[in-house]
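As structure tokens, the structure follows; a few thoughts come after it.
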Amino acid sequence: MSDYNLFLEPDEDIETFRDIITDNVFIKGELLKKGEKKSFGNMCILEGVNNSKEGDDKVRSNFLLHTQAEDNIKIQILWDYAPVGDQPSEYDYETYSEFFFEDTGKGPFDEGPNIDPRNNSNWEEILTDMNS
């Protein structure tokens, strides 16, 4: 994925986008697994691609975001991982340090894949649908 870390971006819309995504990547306390899907907002779906441990205290997760405006938007998150108990819990993934985005670049005004979601020609529609 790209090297544009949205975790470091102070923009309020980007923060909202990150928060909605990270709130919806869990089912029963576990990260979405390959092929698992979770619906949210107005016809938005997050699909698990993979999760891989990096050392004892990190997990890298890849997801696809499907919206009314665009499918197959790539999302990658590097989580700080600290198991709380014996059962999986979303609290095991309290914070994250990296958040990456890459769309298909096939919007009506796009000139190729975007790594900044604000450059996606459907950005406002995606935010609206995610917040619904």
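If you're wondering about the labels, chains in the structure tokens are A, B, ... by order shown, residues count from 1 in each chain, ligands from 1 in order shown.
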
Legend entry - Close residues, Asp57 in chain A itself excluded, 9 Å, only C-alpha atoms, min 3 positions apart in chain, as an NGL selection string: :A and (53-54 or 79-83)

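For Thr104 in chain A, the set of protein, DNA and RNA residues having any atom at most 9 Å away, when counting only C-alpha atoms and skipping those fewer than 2 positions along the same chain, is A:Glu70, A:Asp71, A:Asn72, A:Ile73, A:Lys74, A:Glu102, A:Lys106, A:Gly107, A:Gly112, A:Pro113, A:Asn114.
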
Pull the strand (DSSP E or B) assignments for range 21-120 of chain A out of DSSP run on the backbone, and list those residues as a PDB file with C-alpha atoms, in the first residue's frame.
ATOM      1  CA  PHE A  26     -15.094  -6.196  14.391  1.00  0.00           C
ATOM      2  CA  ILE A  27     -17.655  -8.978  14.709  1.00  0.00           C
ATOM      3  CA  GLU A  30     -12.705 -10.230  16.494  1.00  0.00           C
ATOM      4  CA  LEU A  31     -11.311  -8.504  13.420  1.00  0.00           C
ATOM      5  CA  LYS A  37     -18.484  -8.785   5.674  1.00  0.00           C
ATOM      6  CA  LYS A  38     -20.076  -6.206   7.914  1.00  0.00           C
ATOM      7  CA  SER A  39     -22.730  -3.755   6.743  1.00  0.00           C
ATOM      8  CA  PHE A  40     -23.049  -0.273   8.200  1.00  0.00           C
ATOM      9  CA  CYS A  44     -21.645   0.407   3.052  1.00  0.00           C
ATOM     10  CA  ILE A  45     -19.830  -2.877   3.597  1.00  0.00           C
ATOM     11  CA  LEU A  46     -16.424  -3.688   5.052  1.00  0.00           C
ATOM     12  CA  GLU A  47     -14.934  -6.976   3.906  1.00  0.00           C
ATOM     13  CA  GLY A  48     -12.038  -8.701   5.624  1.00  0.00           C
ATOM     14  CA  VAL A  49      -9.033  -9.561   3.448  1.00  0.00           C
ATOM     15  CA  ASN A  50      -6.413 -10.684   5.996  1.00  0.00           C
ATOM     16  CA  ASN A  51      -4.873 -10.063   9.410  1.00  0.00           C
ATOM     17  CA  SER A  52      -1.258 -10.857  10.187  1.00  0.00           C
ATOM     18  CA  LYS A  53       0.722 -10.556  13.405  1.00  0.00           C
ATOM     19  CA  LYS A  58       1.241  -5.505  16.295  1.00  0.00           C
ATOM     20  CA  VAL A  59      -1.394  -6.768  13.851  1.00  0.00           C
ATOM     21  CA  ARG A  60      -1.691  -5.564  10.261  1.00  0.00           C
ATOM     22  CA  SER A  61      -5.209  -5.795   8.824  1.00  0.00           C
ATOM     23  CA  ASN A  62      -6.392  -5.376   5.253  1.00  0.00           C
ATOM     24  CA  PHE A  63      -9.997  -4.686   4.321  1.00  0.00           C
ATOM     25  CA  LEU A  64     -12.066  -3.740   1.292  1.00  0.00           C
ATOM     26  CA  LEU A  65     -14.617  -0.958   1.655  1.00  0.00           C
ATOM     27  CA  HIS A  66     -17.631  -1.191  -0.631  1.00  0.00           C
ATOM     28  CA  ILE A  73     -11.451   0.564  -1.775  1.00  0.00           C
ATOM     29  CA  LYS A  74      -8.389  -0.812   0.016  1.00  0.00           C
ATOM     30  CA  ILE A  75      -7.965  -0.050   3.717  1.00  0.00           C
ATOM     31  CA  GLN A  76      -4.930  -1.139   5.737  1.00  0.00           C
ATOM     32  CA  ILE A  77      -4.542  -0.643   9.493  1.00  0.00           C
ATOM     33  CA  LEU A  78      -1.588  -1.425  11.737  1.00  0.00           C
ATOM     34  CA  TRP A  79      -2.951  -2.086  15.228  1.00  0.00           C
ATOM     35  CA  ASP A  80      -1.159  -2.046  18.549  1.00  0.00           C
ATOM     36  CA  THR A  95      -4.981   1.913  19.313  1.00  0.00           C
ATOM     37  CA  TYR A  96      -3.496   1.934  15.861  1.00  0.00           C
ATOM     38  CA  SER A  97      -0.501   3.739  14.403  1.00  0.00           C
ATOM     39  CA  GLU A  98      -0.985   3.406  10.651  1.00  0.00           C
ATOM     40  CA  PHE A  99      -4.067   3.802   8.458  1.00  0.00           C
ATOM     41  CA  PHE A 100      -3.796   3.623   4.668  1.00  0.00           C
ATOM     42  CA  PHE A 101      -6.328   4.134   1.863  1.00  0.00           C
ATOM     43  CA  GLU A 102      -6.214   3.309  -1.831  1.00  0.00           C
TER      44      GLU A 102
END

Closest-contact table, range 27-72 of chain A side, partner range 122-128 of chain A, 9 Å, counting only C-alpha atoms, as JSON lines:
{"residue": "A:Gly41", "atom": "CA", "partner": "A:Thr128", "partner_atom": "CA", "distance": 8.5}
{"residue": "A:Asn42", "atom": "CA", "partner": "A:Thr128", "partner_atom": "CA", "distance": 8.2}
{"residue": "A:Cys44", "atom": "CA", "partner": "A:Ile126", "partner_atom": "CA", "distance": 8.6}
{"residue": "A:Thr67", "atom": "CA", "partner": "A:Ile126", "partner_atom": "CA", "distance": 6.6}
{"residue": "A:Gln68", "atom": "CA", "partner": "A:Ile126", "partner_atom": "CA", "distance": 7.7}
{"residue": "A:Ala69", "atom": "CA", "partner": "A:Asn122", "partner_atom": "CA", "distance": 6.4}
{"residue": "A:Glu70", "atom": "CA", "partner": "A:Asn122", "partner_atom": "CA", "distance": 7.9}

Legend entry - helix (DSSP H, G or I) call set, DSSP backbone run, chain A, as a ChimeraX atom specification: /A:6-8,12-23,90-93,117-119,123-131

Inset, instruction - Have a look at A:Met43, A:Asp3, A:Thr16, A:Val25 and name the one nearest to Asp129 in chain A; count only C-alpha atoms. - result: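 The closest residue to Asp129 in chain A is A:Met43.
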
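Remark: for Ser2 in chain A, the closest of the candidate residues A:Asp103, A:Phe109, A:Asp86, A:Met130 is A:Asp103 (distances computed over only C-alpha atoms).
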